[in-house]
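> First the structure, then my questions, so here it is.
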Amino acid sequence: MNKLLTLLALLVLLTFIGCSDKGTAGKTKGTDSTHAKEYITKISLQEPDRALAIIDTMEMNKEALSYELNYLRFAIYVNGFSDMKMAEYYGKQVLKDSVELKKDVKCHFTILNTLADIANQNSQYAQSIKYAKEAYDLAKKNNVKEYEVSATEALALSLIKLGDDENGFKLFAEGKDEILKSLDQDVDFRKVNNAYSFVGNYMESLMTAKRYYEAGLLIPDLLNITKKMEAVDDVMDGVVEYRQLHTYGMLMKYYDKTGNTKESEKYLALIQKSQLAGTSFVEALVSEHYLNVGDVKRLAEMTASIRENAVANNDTLSEFFVEYVLDYEKYISKAQGNYREAFEKAEVISSVKDSIAKRTNEEDGARLAKIYETQEKERLLAEKDAQLSWHKGIFVVVAVVLALALVFIVMLLMFNRKVNRRNKTIVSTINQMMEKEGELTRLRLSDDAKNVDPDEMRLMQSLEMLKDDMPMDDISTALGFTDAADFAKKFYTHFGIHAEEYRKWSRQLSEQENTGVKEAKQMRDSFISSMSHEIRTPLNQIYGFVQLLTDPNIQLSDDEKRQYNDIIGDQTRYMTRLINKFLEISEYESNDEPLPCEKVSIDELFDEVNSVVPRPADGVELTFCNSNNVAELKTNRKGLSRILLCIVGNAVKFTSSGYIKVECNTNVEGNMIFSVTDTGIGIPMGDEERIFDRFYKVDSFVPGPGLGLSLARVIAGRIGATIVVDRSYKDKGSRFVVTLFN
């Protein structure tokens, strides 16, 4: 009887087919009216094959999401075919599409809970507990009390089957009041059905455990739920009658076990008067009653009737026939003393079970073939989609490459303008210095031009001559002085500076002028050279692989296409990151004003950096530690976070073993300092400042353009901080220190 009741419980699961209303209904607009959830629901019990065919067509036309279609298949195999193995397969397929499924809590819960019921029916109790716990956690996370209670049913049943009666019955007892309380609100078929299943299984489990007193306390609740089900409008045909018979059968069994013959006969009469009298379900209930009360004669009559119906319906190779015909016939033979006949029945039972097992294996093979056929269809659809997306991807990649090249050209122009502005600043500075030189030459001149004497005029002429390498004797002779000593004496007396010192100062000034212009030119040339190299390499790769992919004369395998697409994607992302970093540096360099400050939680800052920074190599431990008593600091959150990301990101790149430690502390001056210590390759002596130059890398084989530390120093200047390499750190690796001044 338990198997019949389990099948009956699964039969009414058709109501959960509507959990994907939003997805399926939304996609059926403009399609065949039969390609809708309501129509599939309507025909799924009577015409399950046709329902599956419609779903296949919907899949080909992409009229619904993959998980929604597999969900419909799952429901049809549960309700239309009662094929729990195929239902289990499609249920697991739905669970694979976790991204879409998790958006639909009702659908997700129903799949998990039903898989738990199926596993319980198949005696896979550990698997049932796993699914039930997942369903319970999902319901609790979304605060759906009704679902929580429903999930405990399969969990309790499995625990009891595994021998843990105490916890199993405890779960039933805790959930009963909650599920009955839900019936005091708006009542629909789903709520009543869940309540009936919960209380019915609770009572069945108590009777199996021979806890009849506790089972008897549930009788009023079971009768009340059965009555409520009769009043519900949206119940499927026949369900109310089956539930009534189920209730009568349970009560008849209860009174059989407790010896209350009067009450037992009362419910037997109600069962025999039912509209379903004569069906296998009713005959099974009646025969079980005669078995419980030991009425061998009537049991034999009923068993003969069941056998006759089974033979007429060609249903002699089933578990139902074994349990309600062959097992009972063996029992009857023993009760009548026909042990030889009982032995023969046992052999027949063994033979029939072997045949059932063989047929089950054949059915499993057919299921596997059907699953393979479905997977093959899915594979062909996926390949078709992949080809379309591949062609689209090629056009997208070409467009992205052109866009990046345009951005690169714009950035070069912007940088060139920036260099020109710097050159103008240098020239202006030199002009100011030349003006100071002119002022120096006029230090001793009289305000009145008429009072200028000949010696003063000659000394003014000497200023230009001293800038060259002309000897002092030649200068004094050319200007008409007695000798070099006479010239030097008069020069010092007039200008207050020795002639040789003035010559040295002039040369230094000239060298500074030339150096400033040269540095600006070198800076521009270095930038253009480095950027050209960094951009040209990925562009060449992208261009080469795009040619390979688009050349009709070159035949490539799917693996090669995927590999080349991956390379194009990687190089495109690399160029995007490179340009983003330059834009970021330009943004921070465009203004010298301090960035706005705010209160920043150190722990939250560390969590943010830890969640974004790339994961270190296996075996490398990355830790964050706030070693002072200060929980917050006032600074620019985005700027400080970016600085730490640059430094920690470098540490991850260059550290293959050991640890990376990020620590916050306060120095003796009361300034907040952040240190990043690693056990990587370290910083070569003399490169402490070079590493902050653009494009400079300690190890040229490590991927990346070498802009991180340059960006970090630019940002540090905007938030009132400094970044240095701690040379007092003598262990393996390096330590960077960021100091935020009060």
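Just so we're on the same page: first chain in the structure tokens is A, next is B, and so on; residues restart at 1 for each chain, and ligands are numbered from 1 in the order they show up.
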I'd like the contact shell of A:Asp603 - 12 Å cut-off, only C-alpha atoms, skipping same-chain residues fewer than 4 positions apart - returned as a list in words.
Asp607, Glu608, Val609, Asn610, Phe624, Cys625, Asn626, Ser627, Asn628, Asn629, Val630, Ala631, Glu632, Leu633, Ser641, Val662, Glu663 and Cys664 of chain A
> Can those selected residues be exported to a file as a CSV table (one decimal), in the first residue's frame so that it contains N, CA and C atoms?

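Generated file (out-v4.csv):
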chain,number,residue,atom,x,y,z
A,607,ASP,N,39.2,44.4,2.9
A,607,ASP,CA,38.3,43.4,2.3
A,607,ASP,C,38.1,43.7,0.8
A,608,GLU,N,38.0,45.0,0.5
A,608,GLU,CA,37.8,45.4,-0.9
A,608,GLU,C,39.0,45.0,-1.8
A,609,VAL,N,40.2,45.3,-1.2
A,609,VAL,CA,41.4,45.0,-2.0
A,609,VAL,C,41.6,43.5,-2.2
A,610,ASN,N,41.3,42.8,-1.1
A,610,ASN,CA,41.4,41.3,-1.1
A,610,ASN,C,40.5,40.7,-2.1
A,624,PHE,N,46.0,40.1,5.4
A,624,PHE,CA,45.8,41.6,5.7
A,624,PHE,C,45.6,41.7,7.2
A,625,CYS,N,46.3,42.7,7.7
A,625,CYS,CA,46.4,42.9,9.2
A,625,CYS,C,46.3,44.3,9.6
A,626,ASN,N,45.4,44.7,10.4
A,626,ASN,CA,45.4,46.1,11.0
A,626,ASN,C,46.0,46.0,12.4
A,627,SER,N,47.2,46.5,12.5
A,627,SER,CA,48.0,46.2,13.8
A,627,SER,C,47.9,47.4,14.8
A,628,ASN,N,47.1,48.4,14.5
A,628,ASN,CA,46.9,49.5,15.5
A,628,ASN,C,45.5,49.5,16.0
A,629,ASN,N,45.2,50.4,16.9
A,629,ASN,CA,43.9,50.5,17.5
A,629,ASN,C,43.0,51.4,16.8
A,630,VAL,N,43.4,51.9,15.6
A,630,VAL,CA,42.6,52.8,14.8
A,630,VAL,C,41.7,52.0,13.8
A,631,ALA,N,40.4,52.2,13.9
A,631,ALA,CA,39.6,51.5,12.9
A,631,ALA,C,39.3,52.2,11.7
A,632,GLU,N,39.4,53.6,11.7
A,632,GLU,CA,39.1,54.4,10.6
A,632,GLU,C,40.3,55.4,10.3
A,633,LEU,N,40.3,55.9,9.1
A,633,LEU,CA,41.2,57.0,8.8
A,633,LEU,C,40.6,57.9,7.8
A,641,SER,N,42.7,52.8,-2.1
A,641,SER,CA,42.5,51.5,-2.6
A,641,SER,C,43.2,51.1,-3.9
A,662,VAL,N,50.0,42.4,4.0
A,662,VAL,CA,49.6,43.8,3.9
A,662,VAL,C,49.2,44.2,5.4
A,663,GLU,N,49.9,45.3,5.9
A,663,GLU,CA,49.7,45.7,7.3
A,663,GLU,C,49.5,47.2,7.4
A,664,CYS,N,48.6,47.5,8.3
A,664,CYS,CA,48.4,49.0,8.6
A,664,CYS,C,48.9,49.2,10.0
> As a list in words, please: the residues near A:Leu155 (cut-off 10 Å, only C-alpha atoms, same-chain neighbours under 4 positions excluded).
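The filter keeps Asn113, Ala116, Asp117, Asn120, Tyr125, Ala126, Ser128, Ile129, Lys130, Tyr131, Ala132, Lys133, Ala135, Tyr136, Ser150, Ala151, Leu159, Ile160, Asn167, Gly168, Leu171 and Phe172 of chain A.
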> Please produce an output containing C-alpha atoms for each residue in the selection, written as a JSON list (two decimals), in the first residue's frame.

[["chain", "number", "residue", "atom", "x", "y", "z"],
["A", 113, "ASN", "CA", 12.00, 18.72, -2.88],
["A", 116, "ALA", "CA", 14.22, 14.23, -2.46],
["A", 117, "ASP", "CA", 10.84, 12.42, -2.68],
["A", 120, "ASN", "CA", 13.25, 8.38, -0.86],
["A", 125, "TYR", "CA", 17.91, 7.82, 1.71],
["A", 126, "ALA", "CA", 21.27, 9.60, 1.91],
["A", 128, "SER", "CA", 17.10, 12.16, -0.31],
["A", 129, "ILE", "CA", 18.49, 13.84, 2.81],
["A", 130, "LYS", "CA", 20.98, 15.81, 0.68],
["A", 131, "TYR", "CA", 18.26, 17.21, -1.60],
["A", 132, "ALA", "CA", 15.89, 17.85, 1.31],
["A", 133, "LYS", "CA", 18.54, 19.83, 3.21],
["A", 135, "ALA", "CA", 15.55, 22.61, -0.29],
["A", 136, "TYR", "CA", 15.27, 23.52, 3.41],
["A", 150, "SER", "CA", 7.48, 20.93, 3.20],
["A", 151, "ALA", "CA", 11.23, 20.21, 2.96],
["A", 159, "LEU", "CA", 15.81, 9.71, 8.79],
["A", 160, "ILE", "CA", 13.13, 7.26, 9.98],
["A", 167, "ASN", "CA", 14.93, 13.05, 15.00],
["A", 168, "GLY", "CA", 12.57, 11.98, 12.23],
["A", 171, "LEU", "CA", 10.81, 17.02, 12.58],
["A", 172, "PHE", "CA", 7.28, 15.77, 11.83]]
> Set the distance at 12 Å and use only C-alpha atoms: which residues neighbour A:Ala342 once local chain neighbours fewer than 4 positions away are removed? I'd like the list as a list in words.
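Close residues of A:Ala342: Leu326, Asp327, Tyr328, Glu329, Lys330, Tyr331, Ile332, Ser333, Lys334, Ala335, Gln336, Gly337, Asn338, Ala346, Glu347, Val348 and Ile349 of chain A.
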> Restricting the output to C-alpha atoms, write the selected residues as a JSON list (two decimals), in the first residue's frame.

[["chain", "number", "residue", "atom", "x", "y", "z"],
["A", 326, "LEU", "CA", 1.76, -13.70, -5.57],
["A", 327, "ASP", "CA", 2.81, -12.69, -2.03],
["A", 328, "TYR", "CA", -0.78, -13.01, -0.80],
["A", 329, "GLU", "CA", -1.23, -16.37, -2.54],
["A", 330, "LYS", "CA", 1.92, -17.62, -0.82],
["A", 331, "TYR", "CA", 0.56, -16.36, 2.52],
["A", 332, "ILE", "CA", -2.82, -18.02, 1.90],
["A", 333, "SER", "CA", -1.19, -21.35, 1.01],
["A", 334, "LYS", "CA", 0.83, -21.27, 4.23],
["A", 335, "ALA", "CA", -2.26, -20.35, 6.27],
["A", 336, "GLN", "CA", -4.15, -23.29, 4.74],
["A", 337, "GLY", "CA", -1.25, -25.69, 5.34],
["A", 338, "ASN", "CA", -0.34, -26.10, 1.63],
["A", 346, "ALA", "CA", 8.01, -18.52, -3.75],
["A", 347, "GLU", "CA", 9.79, -19.86, -6.85],
["A", 348, "VAL", "CA", 7.29, -18.09, -9.11],
["A", 349, "ILE", "CA", 7.84, -14.86, -7.17]]
> Would you please work out which residue, of A:Lys253, A:Ile673, A:Asp678, A:Leu539, is nearest to A:Gly649 when using only C-alpha atoms?
A:Asp678
> In Å, rounded to a single decimal, give me how far atom CA of A:Ser66 is from atom CA of A:Tyr90.
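Between these atoms lies a distance of 11.1 Å.
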> What does the structure give for the distance between atom CA of A:Val396 and atom CA of A:Lys62, in Å to one decimal?
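So the answer is 23.6 Å.
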> Provide the atom CA of A:Val286 to atom CA of A:Val232 distance in Å, to one decimal place.
28.0 Å
> For stretch 717-732 of chain A, work out the shell of residues within 6 Å, counting only C-alpha atoms and skipping chain neighbours fewer than 6 positions away, then give it as a count of residues only.
6
